[in-house]
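Below is the file start13.txt, which contains compact mmCIF, C-alpha atoms.
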# COMPACT_ATOMS: atom_id res chain seq x y z
CA MET E 8 53.94 114.87 35.51
CA LEU E 9 56.84 116.88 34.23
CA LEU E 10 56.74 116.74 30.46
CA PHE E 11 59.11 118.35 28.06
CA VAL E 12 58.09 117.98 24.42
CA ALA E 13 60.18 118.84 21.45
CA MET E 14 58.63 121.57 19.31
CA ALA E 15 61.09 121.69 16.47
CA LEU E 16 61.23 118.29 14.89
CA ALA E 17 64.74 118.37 13.59
CA GLU E 18 66.74 115.18 13.74
CA PRO E 19 67.73 114.08 17.25
CA PRO E 20 71.12 115.40 18.34
CA PRO E 21 73.73 112.63 18.18
CA VAL E 22 75.47 114.03 21.27
CA VAL E 23 73.72 115.35 24.37
CA ALA E 24 76.45 116.79 26.59
CA GLY E 25 77.70 119.92 28.30
CA ASP E 26 75.83 122.66 30.09
CA TYR E 27 72.71 124.44 28.82
CA GLU E 28 70.73 127.43 30.07
CA VAL E 29 67.23 128.57 29.28
CA SER E 30 67.56 131.67 27.12
CA THR E 31 63.95 132.40 26.12
CA LEU E 32 60.50 131.10 26.84
CA VAL E 33 57.11 131.31 25.17
CA PRO E 34 54.74 131.88 28.11
CA THR E 35 51.55 131.12 26.18
CA GLU E 36 50.95 129.30 22.93
CA GLY E 37 51.42 131.55 19.91
CA ALA E 38 53.12 134.35 21.87
CA ASP E 39 56.51 135.76 20.95
CA PRO E 40 59.52 134.39 22.81
CA VAL E 41 60.69 136.56 25.72
CA ASP E 42 64.02 136.69 27.50
CA PHE E 43 63.89 134.20 30.38
CA ALA E 44 65.70 136.31 33.00
CA LEU E 45 63.66 139.40 32.09
CA HIS E 46 60.42 137.45 32.29
CA MET E 47 61.29 136.08 35.74
CA HIS E 48 62.26 139.58 36.93
CA HIS E 49 58.95 141.08 35.73
CA GLU E 50 57.04 138.24 37.38
CA ALA E 51 58.87 138.87 40.67
CA MET E 52 58.14 142.61 40.48
CA ALA E 53 54.45 141.84 39.93
CA THR E 54 54.28 139.57 42.96
CA GLY E 55 56.61 141.62 45.15
CA GLU E 56 59.17 138.86 45.60
CA THR E 57 62.58 140.03 46.78
CA CYS E 58 64.31 136.89 45.50
CA TYR E 59 63.67 135.66 42.00
CA THR E 60 64.98 133.18 39.45
CA VAL E 61 67.68 134.46 37.12
CA LYS E 62 68.90 131.22 35.61
CA ARG E 63 67.61 127.72 34.88
CA GLY E 64 70.27 125.27 33.80
CA PHE E 65 70.66 121.71 32.60
CA GLY E 66 73.95 119.82 32.85
CA PHE E 67 74.63 116.76 30.74
CA GLY E 68 78.21 116.10 31.79
CA PRO E 69 81.48 116.47 29.88
CA VAL E 70 81.42 116.78 26.11
CA PRO E 71 82.95 113.59 24.66
CA GLU E 72 85.38 113.46 21.79
CA GLY E 73 83.97 112.28 18.48
CA GLU E 74 80.56 112.68 16.92
CA GLY E 75 78.55 110.32 19.07
CA PRO E 76 76.06 108.94 19.66
CA HIS E 77 76.30 109.93 23.31
CA ARG E 78 73.80 110.16 26.15
CA PRO E 79 74.93 111.00 29.71
CA ALA E 80 74.20 108.69 32.62
CA GLU E 81 73.46 111.66 34.88
CA VAL E 82 71.61 114.95 34.50
CA THR E 83 71.91 118.10 36.62
CA MET E 84 69.02 120.56 36.92
CA THR E 85 69.87 123.92 38.51
CA GLU E 86 67.67 126.84 39.55
CA THR E 87 69.56 130.03 40.42
CA ILE E 88 67.96 132.94 42.24
CA THR E 89 69.23 136.40 43.11
CA CYS E 90 68.46 138.02 46.44
CA THR E 91 69.22 141.36 48.01
CA GLN E 92 68.97 141.46 51.76
CA GLY E 93 70.34 143.68 54.49
CA GLY E 94 73.46 142.18 56.04
CA LEU E 95 73.88 139.67 53.23
CA GLY E 96 74.07 142.08 50.32
CA THR E 97 73.20 140.85 46.83
CA TYR E 98 73.89 137.19 46.34
CA HIS E 99 73.08 134.31 44.04
CA ALA E 100 71.79 131.03 45.44
CA ALA E 101 71.77 127.89 43.33
CA ALA E 102 69.70 124.83 44.16
CA VAL E 103 71.00 121.84 42.24
CA LEU E 104 69.41 118.43 41.71
CA VAL E 105 71.39 115.54 40.24
CA PHE E 106 69.58 112.48 38.94
CA ALA E 107 70.49 109.24 37.22
CA ALA E 108 69.36 109.63 33.59
CA THR E 109 67.31 107.00 31.78
CA TRP E 110 67.06 107.40 28.02
CA SER E 111 64.40 105.86 25.82
CA GLY E 112 62.31 106.40 22.69
CA GLU E 113 63.25 106.57 19.05
CA GLY E 114 66.67 108.16 18.81
CA GLN E 115 67.01 108.00 22.60
CA THR E 116 65.45 111.45 22.91
CA VAL E 117 63.27 110.89 25.98
CA LEU E 118 64.93 111.41 29.34
CA THR E 119 63.13 110.09 32.41
CA VAL E 120 63.95 111.65 35.79
CA PRO E 121 62.86 110.18 39.15
CA GLY E 122 62.06 113.59 40.62
CA GLY E 123 63.06 115.12 43.93
CA THR E 124 63.34 118.32 45.93
CA VAL E 125 66.33 120.26 47.16
CA THR E 126 65.93 123.01 49.75
CA THR E 127 68.72 125.35 50.69
CA ARG E 128 69.41 128.46 52.75
CA MET E 129 72.37 130.56 53.83
CA THR E 130 72.83 132.27 57.19
CA LYS E 131 75.53 134.75 58.13
CA VAL E 132 76.59 134.69 61.77
CA GLN E 133 78.75 137.36 63.32
CA THR E 134 80.07 137.80 66.83
CA PRO E 135 80.89 141.46 67.33
CA ARG E 136 83.83 142.07 69.63
CA ASP E 137 82.87 142.62 73.29
CA VAL E 138 79.29 141.57 72.61
CA GLY E 139 78.14 138.19 73.86
CA ALA E 140 75.27 137.29 71.57
CA PRO E 141 75.95 136.49 67.91
CA ALA E 142 74.04 138.43 65.26
CA LEU E 143 72.28 136.43 62.55
CA TRP E 144 71.27 137.36 59.01
CA VAL E 145 69.09 134.56 57.69
CA GLY E 146 68.65 134.25 53.94
CA GLN E 147 65.49 133.11 52.23
CA ARG E 148 64.83 129.38 52.22
CA PHE E 149 64.74 128.26 48.61
CA SER E 150 63.26 125.03 47.22
CA HIS E 151 63.65 123.51 43.79
CA THR E 152 61.33 120.63 42.96
CA VAL E 153 61.43 118.50 39.84
CA PRO E 154 58.49 116.11 39.67
CA PRO E 155 59.09 112.61 38.31
CA GLY E 156 58.51 112.53 34.58
CA GLU E 157 59.87 112.63 31.10
CA LEU E 158 61.95 115.19 29.28
CA ALA E 159 61.75 114.86 25.53
CA PHE E 160 63.94 117.06 23.40
CA ASP E 161 65.22 117.66 19.96
CA ALA E 162 67.84 119.78 18.32
CA GLU E 163 66.73 123.12 16.89
CA THR E 164 69.51 123.10 14.32
CA LEU E 165 72.47 120.83 13.85
CA ARG E 166 75.76 122.55 13.10
CA ARG E 167 78.87 120.50 12.54
CA GLY E 168 81.35 120.94 15.39
CA LYS E 169 78.92 122.91 17.56
CA ARG E 170 76.44 121.75 20.17
CA PRO E 171 72.88 122.43 19.01
CA GLU E 172 70.28 124.62 20.69
CA LEU E 173 67.40 122.64 22.18
CA THR E 174 63.71 123.46 22.23
CA LEU E 175 61.56 122.08 25.04
CA THR E 176 58.07 122.60 26.36
CA TRP E 177 57.06 122.11 29.99
CA GLU E 178 53.39 122.19 30.92
CA GLY E 179 52.44 124.45 28.06
CA THR E 180 55.52 126.67 28.17
CA THR E 181 58.13 126.45 25.46
CA TYR E 182 61.78 126.93 26.42
CA GLN E 183 64.81 127.57 24.26
CA LEU E 184 68.02 126.12 25.67
CA GLU E 185 71.41 127.40 24.57
CA PRO E 186 74.78 125.77 25.14
CA VAL E 187 76.46 127.74 27.93
CA GLU E 188 79.83 128.31 26.30
CA ASP E 189 78.12 129.73 23.19
CA ARG E 190 76.51 132.48 25.28
CA ARG E 191 79.68 133.73 26.97
CA MET Y 236 77.23 98.14 70.06
CA LEU Y 237 74.81 99.95 67.80
CA SER Y 238 74.79 97.03 65.38
CA LEU Y 239 74.02 94.69 68.25
CA LEU Y 240 71.11 96.87 69.35
CA PHE Y 241 69.98 97.02 65.76
CA LEU Y 242 70.05 93.24 65.39
CA LEU Y 243 68.31 92.72 68.73
CA ALA Y 244 65.57 95.14 67.78
CA CYS Y 245 65.11 93.70 64.31
CA GLY Y 246 65.76 90.04 65.03
CA SER Y 247 63.31 87.21 65.47
CA GLY Y 248 63.19 87.84 69.21
CA SER Y 249 61.51 91.21 68.77
CA ASP Y 250 57.78 91.75 68.60
CA GLY Y 251 57.77 92.18 64.84
CA PRO Y 252 58.67 95.15 62.70
CA PRO Y 253 58.56 98.66 64.20
CA PRO Y 254 55.85 101.16 63.34
CA ARG Y 255 56.69 103.65 60.64
CA PRO Y 256 58.67 106.52 62.14
CA ASP Y 257 56.91 109.80 61.56
CA GLY Y 258 58.39 113.28 61.69
CA THR Y 259 61.89 114.65 62.07
CA PHE Y 260 64.79 113.00 63.89
CA ALA Y 261 68.28 114.28 64.63
CA VAL Y 262 71.24 111.99 63.97
CA LEU Y 263 72.99 111.68 67.34
CA GLY Y 264 75.61 109.17 66.27
CA VAL Y 265 76.66 107.07 63.31
CA GLU Y 266 78.28 103.66 63.36
CA MET Y 267 80.64 103.25 60.44
CA SER Y 268 83.52 100.84 59.94
CA GLY Y 269 82.89 99.36 63.38
CA ALA Y 270 83.27 102.65 65.27
CA GLU Y 271 80.64 104.99 66.65
CA ILE Y 272 81.14 108.61 65.63
CA ASP Y 273 79.31 111.64 66.98
CA GLY Y 274 76.66 112.81 64.50
CA ARG Y 275 78.11 116.33 64.46
CA ASP Y 276 81.59 115.05 63.62
CA VAL Y 277 80.26 112.96 60.76
CA VAL Y 278 78.81 116.09 59.16
CA THR Y 279 81.82 118.36 59.74
CA GLY Y 280 84.11 115.58 58.49
CA ARG Y 281 82.55 115.99 55.05
CA PHE Y 282 83.08 119.77 54.92
CA PRO Y 283 86.67 120.87 55.58
CA GLY Y 284 86.85 124.17 57.46
CA CYS Y 285 83.37 123.79 58.94
CA THR Y 286 83.28 123.40 62.70
CA TRP Y 287 79.68 122.57 63.55
CA GLY Y 288 77.17 120.37 61.80
CA GLN Y 289 73.76 118.80 62.13
CA GLU Y 290 71.95 116.07 60.22
CA THR Y 291 68.26 115.30 60.49
CA LEU Y 292 66.05 112.71 58.81
CA THR Y 293 62.38 113.29 58.13
CA PHE Y 294 60.13 110.36 57.34
CA GLY Y 295 56.80 110.86 55.59
CA GLU Y 296 54.12 108.57 54.21
CA SER Y 297 55.69 108.51 50.76
CA SER Y 298 58.97 110.35 51.11
CA MET Y 299 62.24 110.52 52.96
CA GLN Y 300 64.24 113.71 53.51
CA VAL Y 301 67.70 114.37 54.85
CA ASP Y 302 68.65 117.89 56.01
CA LEU Y 303 72.22 118.96 56.64
CA ALA Y 304 73.38 122.18 58.27
CA VAL Y 305 77.00 123.25 58.63
CA LEU Y 306 78.60 126.31 60.19
CA CYS Y 307 81.83 127.41 58.54
CA PRO Y 308 83.87 130.16 60.26
CA GLN Y 309 85.63 132.86 58.27
CA GLN Y 310 87.78 135.89 59.09
CA GLY Y 311 89.38 134.33 62.12
CA GLY Y 312 86.15 133.01 63.53
CA VAL Y 313 84.46 136.38 64.12
CA GLU Y 314 82.17 135.67 61.20
CA ALA Y 315 80.71 132.41 59.92
CA TYR Y 316 78.37 131.18 57.20
CA GLY Y 317 75.75 128.58 57.84
CA CYS Y 318 74.77 126.42 54.89
CA GLU Y 319 71.65 124.27 54.85
CA VAL Y 320 70.66 121.69 52.26
CA GLY Y 321 67.70 119.34 52.35
CA VAL Y 322 67.19 116.52 49.88
CA LYS Y 323 63.81 114.86 49.52
CA ALA Y 324 63.13 111.71 47.51
CA ALA Y 325 60.13 109.50 46.94
CA ALA Y 326 60.14 106.49 49.28
CA THR Y 327 57.81 103.64 50.19
CA TRP Y 328 57.35 102.08 53.62
CA ASP Y 329 57.42 98.28 53.72
CA ALA Y 330 55.41 97.73 56.90
CA ALA Y 331 55.95 93.95 56.90
CA ARG Y 332 59.72 94.36 57.15
CA GLY Y 333 60.02 97.81 58.74
CA VAL Y 334 62.00 99.18 55.83
CA PHE Y 335 61.93 102.45 53.89
CA VAL Y 336 62.73 101.90 50.22
CA VAL Y 337 64.17 104.73 48.13
CA PRO Y 338 63.94 103.59 44.49
CA GLN Y 339 66.31 106.16 43.02
CA ALA Y 340 69.11 108.24 44.50
CA VAL Y 341 68.80 112.03 44.53
CA GLN Y 342 71.69 114.41 45.02
CA GLY Y 343 71.05 118.00 46.11
CA LYS Y 344 73.40 120.96 46.42
CA GLY Y 345 73.12 124.53 47.67
CA GLN Y 346 75.67 127.06 46.43
CA PHE Y 347 75.93 130.74 47.39
CA LEU Y 348 77.85 133.54 45.66
CA ALA Y 349 78.19 137.19 46.71
CA LEU Y 350 77.88 139.61 43.79
CA ARG Y 351 80.33 142.47 44.08
CA GLU Y 352 80.45 145.76 42.20
CA THR Y 353 84.10 145.23 41.45
CA GLY Y 354 85.80 141.92 40.89
CA PRO Y 355 84.39 138.48 40.30
CA PRO Y 356 81.67 136.95 42.48
CA LYS Y 357 82.90 135.61 45.81
CA ALA Y 358 81.96 132.10 46.93
CA LEU Y 359 80.28 132.38 50.33
CA THR Y 360 79.37 128.82 51.15
CA GLY Y 361 77.99 125.58 49.73
CA CYS Y 362 76.86 122.18 50.89
CA ASP Y 363 75.47 119.01 49.39
CA TYR Y 364 73.98 115.62 50.24
CA THR Y 365 73.18 112.45 48.32
CA LEU Y 366 70.18 110.47 49.47
CA GLU Y 367 71.14 106.89 48.70
CA ALA Y 368 68.86 104.56 46.78
CA GLY Y 369 68.01 101.21 48.34
CA GLU Y 370 66.64 99.83 51.59
CA TRP Y 371 66.74 101.80 54.85
CA PRO Y 372 65.76 99.31 57.62
CA VAL Y 373 64.34 100.95 60.73
CA ALA Y 374 64.58 99.71 64.32
CA ARG Y 375 63.10 101.01 67.54
CA VAL Y 376 65.26 100.25 70.53
CA ARG Y 377 64.67 100.56 74.27
CA ASN Y 378 67.68 101.88 76.12
CA GLY Y 379 66.24 103.80 79.04
CA SER Y 380 63.79 105.41 76.63
CA TRP Y 381 62.65 104.54 73.14
CA LYS Y 382 65.09 105.51 70.42
CA TRP Y 383 65.16 104.93 66.69
CA GLU Y 384 67.89 103.62 64.45
CA VAL Y 385 68.07 103.41 60.69
CA ARG Y 386 70.65 101.66 58.55
CA SER Y 387 71.57 103.27 55.23
CA PRO Y 388 71.95 101.15 52.07
CA SER Y 389 75.74 101.56 52.38
CA GLY Y 390 75.65 100.01 55.85
CA THR Y 391 76.07 102.95 58.25
CA VAL Y 392 73.76 102.87 61.27
CA HIS Y 393 72.26 106.22 62.29
CA ARG Y 394 71.13 106.61 65.90
CA LEU Y 395 68.18 108.99 66.00
CA ASP Y 396 66.17 111.04 68.43
CA LYS Y 397 63.11 113.21 67.83
CA ALA Y 398 64.15 116.77 67.03
CA SER Y 399 63.53 119.82 64.91
CA SER Y 400 65.39 120.24 61.63
CA GLU Y 401 65.94 123.96 62.33
CA PRO Y 402 69.62 124.51 63.06
CA ASP Y 403 70.52 126.79 65.96
CA PHE Y 404 73.48 128.65 64.45
CA ALA Y 405 73.55 131.26 67.21
CA THR Y 406 74.07 128.66 69.94
CA ALA Y 407 76.57 126.81 67.76
CA MET Y 408 78.56 130.03 67.30
CA LEU Y 409 78.51 130.70 71.04
CA GLU Y 410 79.74 127.18 71.77
CA LEU Y 411 82.55 127.59 69.28
CA SER Y 412 83.56 130.89 70.88
CA LYS Y 413 83.71 129.22 74.32
CA GLU Y 414 85.77 126.32 72.97
CA LYS Y 415 88.52 128.72 71.83
Would you mind giving the structure from this file in structure tokens?
Amino acid sequence: MLLFVAMALAEPPPVVAGDYEVSTLVPTEGADPVDFALHMHHEAMATGETCYTVKRGFGFGPVPEGEGPHRPAEVTMTETITCTQGGLGTYHAAAVLVFAATWSGEGQTVLTVPGGTVTTRMTKVQTPRDVGAPALWVGQRFSHTVPPGELAFDAETLRRGKRPELTLTWEGTTYQLEPVEDRR
Amino acid sequence: MLSLLFLLACGSGSDGPPPRPDGTFAVLGVEMSGAEIDGRDVVTGRFPGCTWGQETLTFGESSMQVDLAVLCPQQGGVEAYGCEVGVKAAATWDAARGVFVVPQAVQGKGQFLALRETGPPKALTGCDYTLEAGEWPVARVRNGSWKWEVRSPSGTVHRLDKASSEPDFATAMLELSKEK
């Protein structure tokens, strides 16, 4: 079961909206937080993977006017990889899952997702002039699976007029989520 | 016509519900709004600029998966990008009624961007599919040989035949070149 558990027990955010990205993670309990993209890159280098995750995102829909409370009816979970391959160059591939969101618990802080898998791949096809057979460059097939389960979250800090950072844990790993527009 | 076959195969005159389909099937045709449309045209109709498409359904013991593949020409048709997206959702098979039940809809998207040394990233291709929640009744029909049909929760009837989900982009590109 996919389980996200809030680590910082601040008050629940009145509004859950907009796009978030994982900024840091704590790979083991008690360890220092590490940059998410750097961690995924190091992991890929260790295993020899040519494509690796650079971004993990959560979309909670448009930010409403007012101070809430607000919970979106839909959640988007995106895994983005980078690949470098002859013929295709360096490219980003995003696998996106969109689910209906069910909210429950005290303060409506528990999000239940039904789970699912998206698989995607890109292929470049070229027909050189005066040559009959097309040439193919086939990218890596890429799957993103979210098991059915619950996502429980809380706000790290509440700042008036700004969307809060969120802290989540997933199967023993703690993630820090930052609002996307605050990072750019 | 497809609806009639569907009713005949599922009606009281049949020998009960069909067995659970197993494996991967290509969508040959789709009946929607009373008309039968070629399966390839249904896919390309959803993706403007794409000239070839394929849809397959894969039925498992506890899941249902739809795979789409589209070929979208660029640069005057000399080059094309193929985009594939597969969406898999939990499903249960109601053997008494011959119906797959998908409790919750799942939408999946694949998006591809080229990273360039100068300038912003360039969108290469993208494709998406939403696997509808609800009941997907299955029928097995005899029309020369055994074929399968499945009706989506929104009412479209998909005519199926056993196939691989691997798209053949090279052959598709050759066919497109010959059609010019």
| task | Compute the chain E side of the contact with chain Y at 10 Å, counting only C-alpha atoms, and hand it back as a PyMOL selection string. | result | chain E and resi 83-85+87-91+95-107+120-136+139-146+148-152+154-155
| task | Compare Y:Gly311, Y:Gly258, Y:Pro252, Y:Gly274 by their minimum atom-to-atom distance to Y:Met299, counting all atoms listed in the file, and give me the closest one. | result |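 Of all the options, Y:Gly258 lies closest to Y:Met299.
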| For the atom pair atom CA of Y:Glu414 and atom CA of Y:Trp287, what is the interatomic distance in Å to one decimal place? |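 These atoms are spaced 11.8 Å apart.
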| Atom-to-atom span, atom CA of E:Thr181 and atom CA of E:Glu81, Å | 23.3 Å
| What does the distance between atom CA of Y:Gly295 and atom CA of Y:Pro256 come to in Å, to one decimal place? | 8.1 Å
| task | Write out as a list of chain:residue names which residues come within 8 Å of stretch 369-386 of chain Y when counting all atoms listed in the file, dropping same-chain ones fewer than 5 positions away. | result |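 The neighbour list is Y:Leu240, Y:Phe241, Y:Ala244, Y:Cys245, Y:Pro252, Y:Pro253, Y:Arg332, Y:Gly333, Y:Val334, Y:Phe335, Y:Val336, Y:Val337, Y:Pro338, Y:Gln339, Y:Thr391, Y:Val392, Y:His393, Y:Arg394, Y:Leu395, Y:Asp396.
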| Shell of 8 Å around Y:Thr291, all atoms listed in the file, local chain residues under 5 positions omitted, as a list in words |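 After dropping sequence-adjacent residues, the list is Thr259, Phe260, Ala261, Val262, Val301, Asp302, Leu303, Ala398, Ser399 and Ser400 of chain Y.
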| request: Find the residues around E:Leu173 up to 7 Å (all atoms listed in the file counted), leave out those fewer than 5 positions away in its own chain, and share them as an MDAnalysis selection string. | output: chainID E and resid 160:163 183:185
